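Structure file protein29.csv; described as CSV, C-alpha atoms and all ligand atoms.
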```csv
chain,number,residue,atom,x,y,z
A,1,MET,CA,12.3,-12.3,-23.5
A,2,ASN,CA,10.0,-9.4,-24.1
A,3,LYS,CA,11.0,-5.8,-24.3
A,4,THR,CA,8.5,-3.6,-22.4
A,5,LYS,CA,8.1,0.1,-22.0
A,6,ALA,CA,8.5,1.4,-18.5
A,7,TYR,CA,9.1,4.5,-16.5
A,8,SER,CA,12.3,4.4,-14.4
A,9,ALA,CA,14.5,6.6,-12.3
A,10,SER,CA,18.2,6.4,-13.0
A,11,SER,CA,19.3,7.9,-9.6
A,12,ALA,CA,17.9,9.2,-6.4
A,13,THR,CA,17.7,12.7,-7.8
A,14,SER,CA,16.6,12.0,-11.4
A,15,PRO,CA,13.0,12.3,-12.5
A,16,LEU,CA,11.2,9.2,-13.7
A,17,ALA,CA,11.5,8.9,-17.5
A,18,LEU,CA,10.6,6.5,-20.3
A,19,ASP,CA,12.8,3.4,-20.5
A,20,ALA,CA,12.7,-0.1,-21.9
A,21,ILE,CA,13.1,-3.2,-19.7
A,22,GLN,CA,13.0,-6.9,-20.3
A,23,ARG,CA,10.3,-9.3,-19.1
A,24,ARG,CA,10.9,-13.0,-19.1
A,25,ASP,CA,8.9,-15.4,-21.3
A,26,PRO,CA,6.3,-17.1,-19.0
A,27,THR,CA,7.5,-20.3,-17.4
A,28,GLU,CA,5.1,-23.2,-16.8
A,29,ARG,CA,3.8,-21.6,-13.6
A,30,ASP,CA,3.8,-18.0,-14.8
A,31,VAL,CA,1.0,-15.6,-15.7
A,32,GLN,CA,1.8,-12.8,-18.2
A,33,ILE,CA,-0.3,-9.6,-17.5
A,34,GLU,CA,-1.0,-6.5,-19.5
A,35,ILE,CA,-1.0,-3.7,-16.9
A,36,LEU,CA,-4.1,-1.5,-17.1
A,37,TYR,CA,-3.7,0.7,-13.9
A,38,CYS,CA,-1.0,1.1,-11.3
A,39,GLY,CA,-1.4,3.0,-8.1
A,40,ILE,CA,1.3,5.3,-6.8
A,41,CYS,CA,2.3,4.4,-3.2
A,42,HIS,CA,4.4,6.6,-1.0
A,43,SER,CA,6.8,3.6,-0.8
A,44,ASP,CA,7.5,4.1,-4.5
A,45,LEU,CA,8.7,7.6,-3.8
A,46,HIS,CA,10.7,6.6,-0.7
A,47,THR,CA,12.4,3.9,-2.9
A,48,VAL,CA,13.0,6.1,-6.0
A,49,ARG,CA,14.6,8.8,-3.8
A,50,ASN,CA,16.6,6.1,-1.8
A,51,GLU,CA,15.1,7.4,1.5
A,52,TRP,CA,15.3,3.9,2.9
A,53,ASN,CA,18.9,3.6,2.1
A,54,SER,CA,19.9,2.4,5.6
A,55,VAL,CA,17.5,-0.6,5.4
A,56,MET,CA,16.8,-1.3,1.7
A,57,PRO,CA,19.1,0.6,-0.6
A,58,THR,CA,17.8,1.3,-4.1
A,59,THR,CA,19.4,-0.3,-7.1
A,60,TYR,CA,19.1,1.9,-10.3
A,61,PRO,CA,17.5,2.0,-12.7
A,62,CYS,CA,14.4,1.6,-10.5
A,63,VAL,CA,10.9,0.9,-11.9
A,64,PRO,CA,8.5,1.2,-9.0
A,65,GLY,CA,4.8,0.2,-8.8
A,66,HIS,CA,3.2,-2.5,-6.6
A,67,GLU,CA,-0.5,-1.7,-7.0
A,68,ILE,CA,-1.1,-3.4,-10.3
A,69,VAL,CA,-4.3,-4.4,-12.0
A,70,GLY,CA,-4.4,-5.9,-15.5
A,71,ARG,CA,-5.6,-8.5,-17.9
A,72,VAL,CA,-4.0,-11.9,-18.4
A,73,THR,CA,-2.5,-12.2,-21.8
A,74,LYS,CA,-0.8,-15.6,-21.6
A,75,VAL,CA,-0.3,-18.4,-19.0
A,76,GLY,CA,2.2,-21.2,-18.7
A,77,HIS,CA,1.3,-24.9,-19.1
A,78,ASP,CA,0.9,-25.7,-15.4
A,79,VAL,CA,-1.2,-22.6,-14.5
A,80,THR,CA,-4.6,-23.7,-13.3
A,81,GLY,CA,-6.1,-20.6,-11.7
A,82,PHE,CA,-6.0,-18.1,-14.5
A,83,LYS,CA,-6.7,-17.9,-18.3
A,84,PRO,CA,-6.1,-15.2,-20.9
A,85,GLY,CA,-8.7,-12.4,-20.5
A,86,ASP,CA,-9.0,-12.7,-16.7
A,87,LEU,CA,-8.8,-9.5,-14.6
A,88,VAL,CA,-6.0,-9.9,-12.0
A,89,GLY,CA,-4.0,-8.0,-9.5
A,90,VAL,CA,-0.4,-8.0,-8.3
A,91,GLY,CA,0.7,-6.4,-5.1
A,92,CYS,CA,4.1,-6.0,-3.3
A,93,LEU,CA,5.2,-9.7,-3.6
A,94,VAL,CA,6.0,-11.8,-6.7
A,95,ASP,CA,7.9,-14.8,-5.2
A,96,SER,CA,9.0,-16.5,-2.0
A,97,ASP,CA,10.4,-19.8,-0.6
A,98,PRO,CA,7.3,-21.9,-0.1
A,99,SER,CA,9.1,-24.3,2.3
A,100,CYS,CA,9.7,-21.5,4.8
A,101,PRO,CA,7.6,-21.6,8.0
A,102,HIS,CA,6.2,-18.1,7.3
A,103,CYS,CA,5.0,-19.0,3.9
A,104,GLN,CA,3.4,-22.1,5.3
A,105,ALA,CA,1.6,-19.9,7.8
A,106,ASN,CA,0.4,-17.7,4.8
A,107,VAL,CA,2.5,-14.7,5.8
A,108,GLU,CA,4.8,-14.7,2.8
A,109,GLN,CA,5.7,-11.1,3.4
A,110,PHE,CA,7.9,-12.3,6.2
A,111,CYS,CA,9.7,-15.0,4.2
A,112,PRO,CA,13.5,-14.4,4.4
A,113,ASP,CA,13.6,-15.2,0.7
A,114,ALA,CA,10.6,-13.1,-0.4
A,115,THR,CA,10.9,-11.3,-3.8
A,116,PHE,CA,9.3,-7.9,-3.7
A,117,THR,CA,7.7,-6.6,-6.9
A,118,TYR,CA,10.5,-4.0,-7.4
A,119,ASN,CA,14.0,-3.4,-6.1
A,120,SER,CA,14.4,-7.1,-5.1
A,121,PRO,CA,16.9,-9.6,-6.5
A,122,ASP,CA,15.3,-11.1,-9.7
A,123,LYS,CA,15.7,-14.9,-9.5
A,124,HIS,CA,14.9,-15.3,-13.2
A,125,LEU,CA,16.8,-12.5,-15.0
A,126,GLY,CA,19.4,-11.4,-12.5
A,127,GLY,CA,19.5,-7.8,-11.5
A,128,VAL,CA,16.5,-6.5,-9.6
A,129,THR,CA,12.8,-6.8,-10.2
A,130,TYR,CA,10.9,-4.1,-12.0
A,131,GLY,CA,7.4,-3.0,-10.9
A,132,GLY,CA,4.2,-1.8,-12.4
A,133,TYR,CA,5.1,1.5,-14.0
A,134,SER,CA,5.3,-0.6,-17.1
A,135,GLU,CA,3.2,-2.2,-19.9
A,136,SER,CA,3.3,-5.7,-18.7
A,137,ILE,CA,4.6,-8.1,-16.0
A,138,VAL,CA,5.2,-11.8,-15.6
A,139,VAL,CA,4.4,-13.3,-12.2
A,140,ASP,CA,4.2,-16.8,-10.6
A,141,GLU,CA,0.6,-17.7,-10.4
A,142,LYS,CA,0.8,-18.1,-6.6
A,143,PHE,CA,1.3,-14.3,-6.3
A,144,VAL,CA,-1.5,-13.4,-8.7
A,145,LEU,CA,-4.8,-12.2,-7.2
A,146,ARG,CA,-8.3,-12.5,-8.6
A,147,VAL,CA,-10.0,-9.1,-9.0
A,148,PRO,CA,-13.8,-8.8,-8.3
A,149,THR,CA,-15.4,-7.9,-11.6
A,150,ASN,CA,-18.0,-5.5,-10.2
A,151,LEU,CA,-15.4,-2.8,-9.2
A,152,GLU,CA,-14.0,0.1,-11.1
A,153,LEU,CA,-10.4,-0.9,-12.0
A,154,ALA,CA,-8.5,2.4,-11.5
A,155,GLY,CA,-9.7,2.3,-7.8
A,156,VAL,CA,-9.0,-1.4,-7.4
A,157,ALA,CA,-5.2,-1.0,-8.1
A,158,PRO,CA,-4.5,0.8,-4.7
A,159,LEU,CA,-6.1,-2.1,-2.9
A,160,LEU,CA,-3.1,-4.2,-3.7
A,161,CYS,CA,-0.9,-2.3,-1.3
A,162,ALA,CA,-2.8,0.5,0.5
A,163,GLY,CA,-5.8,-1.8,0.9
A,164,ILE,CA,-4.1,-4.9,2.3
A,165,THR,CA,-1.7,-2.8,4.5
A,166,THR,CA,-4.6,-1.3,6.4
A,167,TYR,CA,-7.0,-4.3,6.2
A,168,SER,CA,-4.5,-6.7,7.8
A,169,PRO,CA,-3.6,-4.9,11.0
A,170,MET,CA,-7.2,-3.8,11.6
A,171,ARG,CA,-8.4,-7.4,11.3
A,172,ARG,CA,-5.6,-8.6,13.5
A,173,TRP,CA,-6.2,-6.1,16.3
A,174,GLY,CA,-10.0,-6.2,16.1
A,175,ALA,CA,-11.1,-2.9,14.8
A,176,ILE,CA,-14.7,-3.9,15.3
A,177,LYS,CA,-18.1,-2.7,16.6
A,178,GLY,CA,-17.8,-1.3,20.1
A,179,LYS,CA,-14.1,-0.2,19.5
A,180,LYS,CA,-12.9,3.4,19.1
A,181,VAL,CA,-10.4,3.3,16.3
A,182,GLY,CA,-8.1,6.1,15.1
A,183,VAL,CA,-6.5,6.5,11.7
A,184,VAL,CA,-3.6,8.9,11.6
A,185,GLY,CA,-2.9,10.6,8.3
A,186,LEU,CA,-5.5,10.8,5.5
A,187,GLY,CA,-3.5,9.8,2.5
A,188,GLY,CA,-3.5,6.6,0.4
A,189,LEU,CA,-3.3,4.2,3.3
A,190,GLY,CA,-5.3,6.3,5.7
A,191,HIS,CA,-8.3,6.7,3.5
A,192,MET,CA,-8.4,3.0,3.0
A,193,GLY,CA,-8.1,2.5,6.7
A,194,VAL,CA,-11.1,4.7,7.3
A,195,LYS,CA,-13.2,2.7,4.8
A,196,PHE,CA,-12.3,-0.6,6.3
A,197,ALA,CA,-12.7,0.4,10.0
A,198,ARG,CA,-16.1,1.8,9.1
A,199,ALA,CA,-17.1,-1.4,7.2
A,200,PHE,CA,-15.9,-3.5,10.2
A,201,GLY,CA,-18.3,-1.5,12.4
A,202,ALA,CA,-15.8,0.4,14.5
A,203,HIS,CA,-16.3,4.0,15.7
A,204,VAL,CA,-13.8,5.8,13.4
A,205,VAL,CA,-11.8,8.9,14.2
A,206,VAL,CA,-9.4,10.5,11.7
A,207,PHE,CA,-6.3,12.5,12.9
A,208,THR,CA,-5.2,14.9,10.1
A,209,THR,CA,-2.8,17.8,9.8
A,210,SER,CA,-4.9,19.1,6.9
A,211,PRO,CA,-8.0,21.0,8.0
A,212,GLY,CA,-9.1,21.0,4.3
A,213,LYS,CA,-9.6,17.2,4.5
A,214,LYS,CA,-12.2,17.2,7.2
A,215,GLU,CA,-15.3,17.0,5.0
A,216,ASP,CA,-13.7,14.2,3.0
A,217,ALA,CA,-12.8,12.3,6.1
A,218,LEU,CA,-16.5,12.3,7.1
A,219,ARG,CA,-17.6,11.4,3.6
A,220,LEU,CA,-15.1,8.5,3.5
A,221,GLY,CA,-16.7,7.0,6.7
A,222,ALA,CA,-15.2,8.8,9.7
A,223,HIS,CA,-17.5,9.5,12.6
A,224,GLU,CA,-15.2,12.2,13.9
A,225,VAL,CA,-12.2,14.2,12.7
A,226,ILE,CA,-9.4,15.7,14.9
A,227,ILE,CA,-7.0,18.3,13.6
A,228,SER,CA,-3.9,17.0,15.2
A,229,THR,CA,-2.2,20.3,15.4
A,230,ASN,CA,-4.9,21.6,17.7
A,231,ALA,CA,-3.8,20.7,21.2
A,232,GLU,CA,-7.2,21.4,22.8
A,233,GLU,CA,-9.0,19.0,20.4
A,234,MET,CA,-6.3,16.4,21.0
A,235,GLN,CA,-6.6,16.6,24.8
A,236,LYS,CA,-10.4,16.0,24.6
A,237,HIS,CA,-9.7,12.5,23.3
A,238,ALA,CA,-6.7,11.6,25.4
A,239,GLY,CA,-6.8,8.0,26.8
A,240,SER,CA,-10.0,7.1,24.9
A,241,PHE,CA,-8.9,4.9,21.9
A,242,ASP,CA,-8.8,1.1,21.7
A,243,TYR,CA,-6.7,1.1,18.6
A,244,ILE,CA,-4.8,3.5,16.3
A,245,LEU,CA,-3.3,3.0,12.9
A,246,ASP,CA,-0.4,5.4,12.1
A,247,THR,CA,0.1,5.9,8.4
A,248,ILE,CA,2.3,9.0,8.5
A,249,ALA,CA,5.1,8.9,5.9
A,250,ALA,CA,7.3,11.5,7.6
A,251,ASP,CA,8.9,12.3,11.0
A,252,HIS,CA,6.3,13.0,13.7
A,253,ASP,CA,5.7,12.9,17.4
A,254,ILE,CA,4.2,9.4,18.0
A,255,ASN,CA,3.9,10.0,21.7
A,256,ALA,CA,1.1,12.4,21.0
A,257,TYR,CA,-0.9,9.4,19.6
A,258,ILE,CA,0.2,6.9,22.2
A,259,HIS,CA,-1.3,9.5,24.7
A,260,MET,CA,-4.6,9.0,22.9
A,261,LEU,CA,-4.8,5.3,23.8
A,262,GLY,CA,-6.7,3.8,26.7
A,263,LEU,CA,-5.7,0.9,28.9
A,264,ASP,CA,-4.1,-1.9,26.9
A,265,GLY,CA,-4.6,0.1,23.7
A,266,ASN,CA,-2.4,-0.6,20.7
A,267,ILE,CA,-0.9,1.7,18.0
A,268,THR,CA,0.3,0.0,14.8
A,269,LEU,CA,2.9,1.7,12.7
A,270,VAL,CA,2.4,1.1,9.0
A,271,GLY,CA,3.9,4.4,7.9
A,272,ALA,CA,7.7,4.0,7.3
A,273,PRO,CA,9.4,7.4,7.8
A,274,GLU,CA,13.0,7.7,6.8
A,275,LYS,CA,14.3,8.4,10.3
A,276,PRO,CA,13.7,6.5,13.6
A,277,LEU,CA,10.9,7.9,15.8
A,278,ALA,CA,11.5,8.8,19.5
A,279,VAL,CA,9.2,6.8,21.7
A,280,SER,CA,8.6,7.8,25.3
A,281,ALA,CA,8.8,4.8,27.6
A,282,PHE,CA,6.5,6.5,30.1
A,283,ALA,CA,3.8,7.0,27.4
A,284,LEU,CA,3.7,3.2,27.0
A,285,LEU,CA,4.2,2.2,30.6
A,286,PHE,CA,1.2,4.1,32.0
A,287,GLY,CA,-1.8,2.2,30.6
A,288,ARG,CA,0.1,-0.9,29.6
A,289,LYS,CA,0.0,0.3,26.0
A,290,SER,CA,1.7,-1.3,23.1
A,291,LEU,CA,3.3,-0.3,19.9
A,292,SER,CA,3.4,-2.7,16.9
A,293,GLY,CA,4.2,-2.8,13.3
A,294,SER,CA,2.6,-4.4,10.2
A,295,LEU,CA,3.8,-5.1,6.7
A,296,ILE,CA,1.3,-5.5,3.9
A,297,GLY,CA,-0.3,-8.9,4.2
A,298,GLY,CA,0.0,-12.5,2.9
A,299,ILE,CA,-1.5,-13.6,-0.4
A,300,GLU,CA,-4.4,-15.5,1.1
A,301,GLU,CA,-5.4,-12.4,3.2
A,302,THR,CA,-4.9,-10.1,0.2
A,303,GLN,CA,-7.4,-12.3,-1.7
A,304,GLU,CA,-9.8,-12.2,1.3
A,305,MET,CA,-9.5,-8.4,1.3
A,306,LEU,CA,-10.2,-8.1,-2.4
A,307,ASP,CA,-13.3,-10.4,-2.0
A,308,PHE,CA,-14.4,-8.3,0.9
A,309,CYS,CA,-14.1,-5.1,-1.3
A,310,GLY,CA,-16.1,-6.8,-4.0
A,311,GLU,CA,-18.9,-7.7,-1.5
A,312,HIS,CA,-18.9,-4.3,0.1
A,313,HIS,CA,-18.2,-2.2,-3.0
A,314,ILE,CA,-15.0,-0.7,-1.6
A,315,THR,CA,-12.4,0.9,-3.9
A,316,ALA,CA,-9.8,3.6,-3.4
A,317,ASP,CA,-10.7,7.2,-4.2
A,318,VAL,CA,-8.4,7.9,-7.1
A,319,GLU,CA,-7.1,10.7,-9.2
A,320,VAL,CA,-6.3,9.0,-12.5
A,321,ILE,CA,-3.3,10.4,-14.3
A,322,PRO,CA,-1.3,9.6,-17.5
A,323,ILE,CA,2.2,8.4,-16.8
A,324,GLN,CA,3.6,11.5,-18.3
A,325,LYS,CA,2.4,13.4,-15.1
A,326,ILE,CA,4.3,11.1,-12.7
A,327,ASN,CA,7.0,13.5,-11.6
A,328,GLU,CA,4.3,16.2,-10.8
A,329,ALA,CA,2.3,13.5,-8.9
A,330,TYR,CA,5.4,12.8,-6.7
A,331,GLU,CA,5.8,16.4,-5.9
A,332,ARG,CA,2.1,16.6,-4.9
A,333,LEU,CA,2.4,13.4,-2.8
A,334,VAL,CA,5.2,15.0,-0.7
A,335,LYS,CA,2.8,17.9,0.0
A,336,SER,CA,0.0,15.5,1.0
A,337,ASP,CA,-1.9,16.9,-2.0
A,338,VAL,CA,-3.7,13.8,-3.3
A,339,LYS,CA,-7.3,12.7,-3.0
A,340,TYR,CA,-6.5,10.1,-2.1
A,341,ARG,CA,-4.4,7.9,-4.4
A,342,PHE,CA,-3.0,8.5,-7.8
A,343,SER,CA,-3.7,5.7,-10.2
A,344,ILE,CA,-1.8,5.7,-13.5
A,345,ASP,CA,-3.8,4.8,-16.6
A,346,MET,CA,-1.3,2.6,-18.5
A,347,ALA,CA,-2.9,3.3,-21.8
A,348,SER,CA,-0.9,6.5,-21.7
A,349,LEU,CA,2.4,4.5,-21.7
A,350,LYS,CA,1.3,2.5,-24.7
A,351,ALA,CA,0.6,5.7,-26.5
A,352,GLU,CA,4.2,6.9,-26.0
A,401,LIG,P1,0.5,9.3,1.6
A,401,LIG,O1,-0.6,9.1,0.6
A,401,LIG,O2,1.6,10.4,1.3
A,401,LIG,O3,-0.2,9.6,3.0
A,401,LIG,C1,0.5,10.0,4.2
A,401,LIG,C2,-0.3,11.0,5.0
A,401,LIG,O4,0.4,11.2,6.2
A,401,LIG,C3,-0.5,12.3,4.3
A,401,LIG,O5,-1.6,12.4,3.5
A,401,LIG,C4,-0.7,13.2,5.5
A,401,LIG,O6,-2.0,13.1,6.0
A,401,LIG,C5,0.2,12.6,6.6
A,401,LIG,N1,1.5,13.3,6.7
A,401,LIG,C6,2.4,13.4,5.7
A,401,LIG,N2,3.4,14.1,6.2
A,401,LIG,C7,3.2,14.4,7.5
A,401,LIG,C8,3.9,15.1,8.5
A,401,LIG,N3,5.1,15.6,8.3
A,401,LIG,N4,3.3,15.1,9.7
A,401,LIG,C9,2.1,14.6,10.0
A,401,LIG,N5,1.4,14.0,9.0
A,401,LIG,C10,1.9,13.8,7.8
A,401,LIG,O7,1.4,8.0,1.8
A,401,LIG,P2,0.9,6.5,1.8
A,401,LIG,O8,1.1,6.0,0.4
A,401,LIG,O9,-0.4,6.4,2.4
A,401,LIG,O10,2.0,5.8,2.7
A,401,LIG,C11,2.1,6.2,4.0
A,401,LIG,C12,3.4,5.5,4.6
A,401,LIG,O11,3.1,4.1,4.7
A,401,LIG,C13,4.7,5.7,3.8
A,401,LIG,O12,5.8,5.9,4.6
A,401,LIG,C14,4.7,4.3,3.1
A,401,LIG,O13,6.0,4.0,2.7
A,401,LIG,C15,4.2,3.4,4.1
A,401,LIG,N6,3.7,2.1,3.6
A,401,LIG,C16,3.9,1.1,4.5
A,401,LIG,C17,3.4,-0.2,4.1
A,401,LIG,C18,3.5,-1.3,5.0
A,401,LIG,O14,3.4,-2.5,4.6
A,401,LIG,N7,3.8,-1.1,6.3
A,401,LIG,C19,2.8,-0.3,2.9
A,401,LIG,C20,2.6,0.8,2.1
A,401,LIG,C21,3.1,2.0,2.5
A,401,LIG,P3,-2.9,14.4,6.5
A,401,LIG,O15,-2.8,15.4,5.4
A,401,LIG,O16,-4.2,13.8,6.8
A,401,LIG,O17,-2.2,14.8,7.8
A,402,ZN,ZN,2.9,0.4,-1.2
```
Rewritten as structure tokens:
Amino acid sequence: MNKTKAYSASSATSPLALDAIQRRDPTERDVQIEILYCGICHSDLHTVRNEWNSVMPTTYPCVPGHEIVGRVTKVGHDVTGFKPGDLVGVGCLVDSDPSCPHCQANVEQFCPDATFTYNSPDKHLGGVTYGGYSESIVVDEKFVLRVPTNLELAGVAPLLCAGITTYSPMRRWGAIKGKKVGVVGLGGLGHMGVKFARAFGAHVVVFTTSPGKKEDALRLGAHEVIISTNAEEMQKHAGSFDYILDTIAADHDINAYIHMLGLDGNITLVGAPEKPLAVSAFALLFGRKSLSGSLIGGIEETQEMLDFCGEHHITADVEVIPIQKINEAYERLVKSDVKYRFSIDMASLKAE
């Protein structure tokens, strides 16, 4: 076992602070990774503060982080896909039951026995898994991704969650040329959604509550921006969308966005607010509209997304921070004050 420095929260109300955790010695199938950057996902904050208590209660201490890029330092005997020195990524999943039908269909995220990168029962060491706010991690090679070498690493880390979470539903629902696609909320997920929808050829419209993000939305690839608090602007676009991706992390009126969809339009929820949303049946009935959900993506599709990003030079827009600024970063995340993802430079943890 290896002792590793990490930042953990000891309760729902404690700040994150320096801690020491254990990582297993790599087994035959494992890859040991020195973590270089880790993105900060709003899910980290929901988990640290136990906001998903009713569905996935948090076990403390909690070490979040599932947007990991790093360098391989050691591999087990049976590992064939990676060698020391390789640049790799780890997202939200670190293990699953390969015999399950979902795993066989390459959607490991729906495996009943999936192990998530943090706050999941740890099959090797007992207790729960610890995520990427740490110096190193040991992961089964099946859950390790190859990272394109032409991209800037701090901006690659967020692809491992924010990237795949927006890429997957947009691919599934056909956010393509000729379609009018809305992205609700310009945060970590939202700004990646804009980049992908644009790269797929769709007509992209951002809904934001922050007028100050308008110029950025256009720069990121949106064709149009709607300030969602302006009823008149909203009304102009009513009934006109083929597809909408809703990334809002807090309570909001989803009916306002269902109203934006045209006949047979779909809105996918990827945002995971703490409390249930009230959905108007009539908003869905008139226009045969549908409401769907989506959870990250499988490993094969995550690799496809990374390769796509390599080919199209897509990374997240990041604000790189030292880990010592993590609690400040969380406060800013709650205020939607991040452009557009925090990425932690893990050299700062080594230095502590
Ligand atoms: P984020 O960076 O905080 O972005 C969320 C954005 O939503 C904000 O930037 C803001 O955009 C908008 N927003 C926030 N509060 C709002 C409110 N009260 N009313 C209206 N709009 C509001 O968060 P994120 O990391 O992108 O994550 C977004 C959500 O997705 C979280 O709930 C997270 O847990 C979830 N998530 C789900 C998956 C999945 O697999 N389904 C994966 C990762 C994350 P504007 O300023 O533009 O309005
Ligand atoms: Zn995430």
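Nearest residue to Gln22 (chain A) among A:Glu304, A:Glu67, A:Asp122, A:Glu224 is A:Asp122, counting all atoms listed in the file.
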Env of Gly127 (chain A): 10 Å cut, atoms = all atoms listed in the file, seq-sep filter 5 positions within chain, self excluded. Answer as a tab-separated table (two decimals) with C-alpha atoms, in the coordinates of the input.
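Output saved as part-v8.tsv:
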```
chain	number	residue	atom	x	y	z
A	59	THR	CA	19.40	-0.30	-7.10
A	60	TYR	CA	19.10	1.90	-10.30
A	119	ASN	CA	14.00	-3.40	-6.10
A	120	SER	CA	14.40	-7.10	-5.10
A	121	PRO	CA	16.90	-9.60	-6.50
A	122	ASP	CA	15.30	-11.10	-9.70
```
- CA of Val156 (chain A) and CA of Gly271 (chain A) are how many Å apart?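 Straight-line distance from CA of Val156 (chain A) to CA of Gly271 (chain A) works out to 20.8 Å.
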- Item | One-decimal distance in Å that lies between atom O13 of ligand LIG 401 (chain A) and CA of Ser14 (chain A) | 19.4 Å
- Message: What does the list of residues within 9 Å of ligand ZN 402 (chain A) look like if you count only C-alpha atoms and all ligand atoms, written as a list in words?
- Response: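 Answer in the requested format: Gly39, Ile40, Cys41, His42, Ser43, Asp44, Gly65, His66, Glu67, Gly91, Cys92, Pro158, Leu160, Cys161, Ala162, Thr165, Leu189 and Ile296 of chain A.
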Per residue of chain A within 7 Å of ligand LIG 401 (chain A), which atom pair is closest and at what distance in Å (one decimal), using all atoms listed in the file, listed by chain and increasing number, as a tab-separated table?
```
residue	atom	partner	partner_atom	distance
A:Cys41	CA	A:LIG401	O8	4.1
A:His42	CA	A:LIG401	O8	3.6
A:Ser43	CA	A:LIG401	O13	3.6
A:His46	CA	A:LIG401	O13	6.4
A:Cys161	CA	A:LIG401	C20	5.8
A:Ala162	CA	A:LIG401	C20	5.6
A:Thr165	CA	A:LIG401	O14	5.1
A:Val184	CA	A:LIG401	O16	6.9
A:Gly185	CA	A:LIG401	O6	3.5
A:Leu186	CA	A:LIG401	O16	3.5
A:Gly187	CA	A:LIG401	O3	3.3
A:Gly188	CA	A:LIG401	O9	3.7
A:Leu189	CA	A:LIG401	O9	3.7
A:Gly190	CA	A:LIG401	O9	5.9
A:Phe207	CA	A:LIG401	O16	6.6
A:Thr208	CA	A:LIG401	O16	3.6
A:Thr209	CA	A:LIG401	O17	3.7
A:Ser210	CA	A:LIG401	O15	4.5
A:Lys213	CA	A:LIG401	O16	6.8
A:Thr247	CA	A:LIG401	C11	4.8
A:Ile248	CA	A:LIG401	O4	3.7
A:Ala249	CA	A:LIG401	O12	3.3
A:Ala250	CA	A:LIG401	N3	4.7
A:Asp251	CA	A:LIG401	N3	5.7
A:His252	CA	A:LIG401	N4	5.4
A:Val270	CA	A:LIG401	N7	3.8
A:Gly271	CA	A:LIG401	O11	3.3
A:Ala272	CA	A:LIG401	O12	3.8
A:Pro273	CA	A:LIG401	O12	5.0
A:Ser294	CA	A:LIG401	N7	5.2
A:Leu295	CA	A:LIG401	O14	3.4
A:Ile296	CA	A:LIG401	O14	3.7
A:Leu333	CA	A:LIG401	O2	5.1
A:Val334	CA	A:LIG401	O2	6.2
A:Ser336	CA	A:LIG401	O5	4.3
A:Val338	CA	A:LIG401	O1	6.8
A:Tyr340	CA	A:LIG401	O1	6.6
A:Arg341	CA	A:LIG401	O1	6.4
```
Only C-alpha atoms, please: the residues just picked out, written as a PDB file, in the coordinates of the input.
```
ATOM      1  CA  CYS A  41       2.300   4.400  -3.200  1.00  0.00           C
ATOM      2  CA  HIS A  42       4.400   6.600  -1.000  1.00  0.00           C
ATOM      3  CA  SER A  43       6.800   3.600  -0.800  1.00  0.00           C
ATOM      4  CA  HIS A  46      10.700   6.600  -0.700  1.00  0.00           C
ATOM      5  CA  CYS A 161      -0.900  -2.300  -1.300  1.00  0.00           C
ATOM      6  CA  ALA A 162      -2.800   0.500   0.500  1.00  0.00           C
ATOM      7  CA  THR A 165      -1.700  -2.800   4.500  1.00  0.00           C
ATOM      8  CA  VAL A 184      -3.600   8.900  11.600  1.00  0.00           C
ATOM      9  CA  GLY A 185      -2.900  10.600   8.300  1.00  0.00           C
ATOM     10  CA  LEU A 186      -5.500  10.800   5.500  1.00  0.00           C
ATOM     11  CA  GLY A 187      -3.500   9.800   2.500  1.00  0.00           C
ATOM     12  CA  GLY A 188      -3.500   6.600   0.400  1.00  0.00           C
ATOM     13  CA  LEU A 189      -3.300   4.200   3.300  1.00  0.00           C
ATOM     14  CA  GLY A 190      -5.300   6.300   5.700  1.00  0.00           C
ATOM     15  CA  PHE A 207      -6.300  12.500  12.900  1.00  0.00           C
ATOM     16  CA  THR A 208      -5.200  14.900  10.100  1.00  0.00           C
ATOM     17  CA  THR A 209      -2.800  17.800   9.800  1.00  0.00           C
ATOM     18  CA  SER A 210      -4.900  19.100   6.900  1.00  0.00           C
ATOM     19  CA  LYS A 213      -9.600  17.200   4.500  1.00  0.00           C
ATOM     20  CA  THR A 247       0.100   5.900   8.400  1.00  0.00           C
ATOM     21  CA  ILE A 248       2.300   9.000   8.500  1.00  0.00           C
ATOM     22  CA  ALA A 249       5.100   8.900   5.900  1.00  0.00           C
ATOM     23  CA  ALA A 250       7.300  11.500   7.600  1.00  0.00           C
ATOM     24  CA  ASP A 251       8.900  12.300  11.000  1.00  0.00           C
ATOM     25  CA  HIS A 252       6.300  13.000  13.700  1.00  0.00           C
ATOM     26  CA  VAL A 270       2.400   1.100   9.000  1.00  0.00           C
ATOM     27  CA  GLY A 271       3.900   4.400   7.900  1.00  0.00           C
ATOM     28  CA  ALA A 272       7.700   4.000   7.300  1.00  0.00           C
ATOM     29  CA  PRO A 273       9.400   7.400   7.800  1.00  0.00           C
ATOM     30  CA  SER A 294       2.600  -4.400  10.200  1.00  0.00           C
ATOM     31  CA  LEU A 295       3.800  -5.100   6.700  1.00  0.00           C
ATOM     32  CA  ILE A 296       1.300  -5.500   3.900  1.00  0.00           C
ATOM     33  CA  LEU A 333       2.400  13.400  -2.800  1.00  0.00           C
ATOM     34  CA  VAL A 334       5.200  15.000  -0.700  1.00  0.00           C
ATOM     35  CA  SER A 336       0.000  15.500   1.000  1.00  0.00           C
ATOM     36  CA  VAL A 338      -3.700  13.800  -3.300  1.00  0.00           C
ATOM     37  CA  TYR A 340      -6.500  10.100  -2.100  1.00  0.00           C
ATOM     38  CA  ARG A 341      -4.400   7.900  -4.400  1.00  0.00           C
TER      39      ARG A 341
END
```
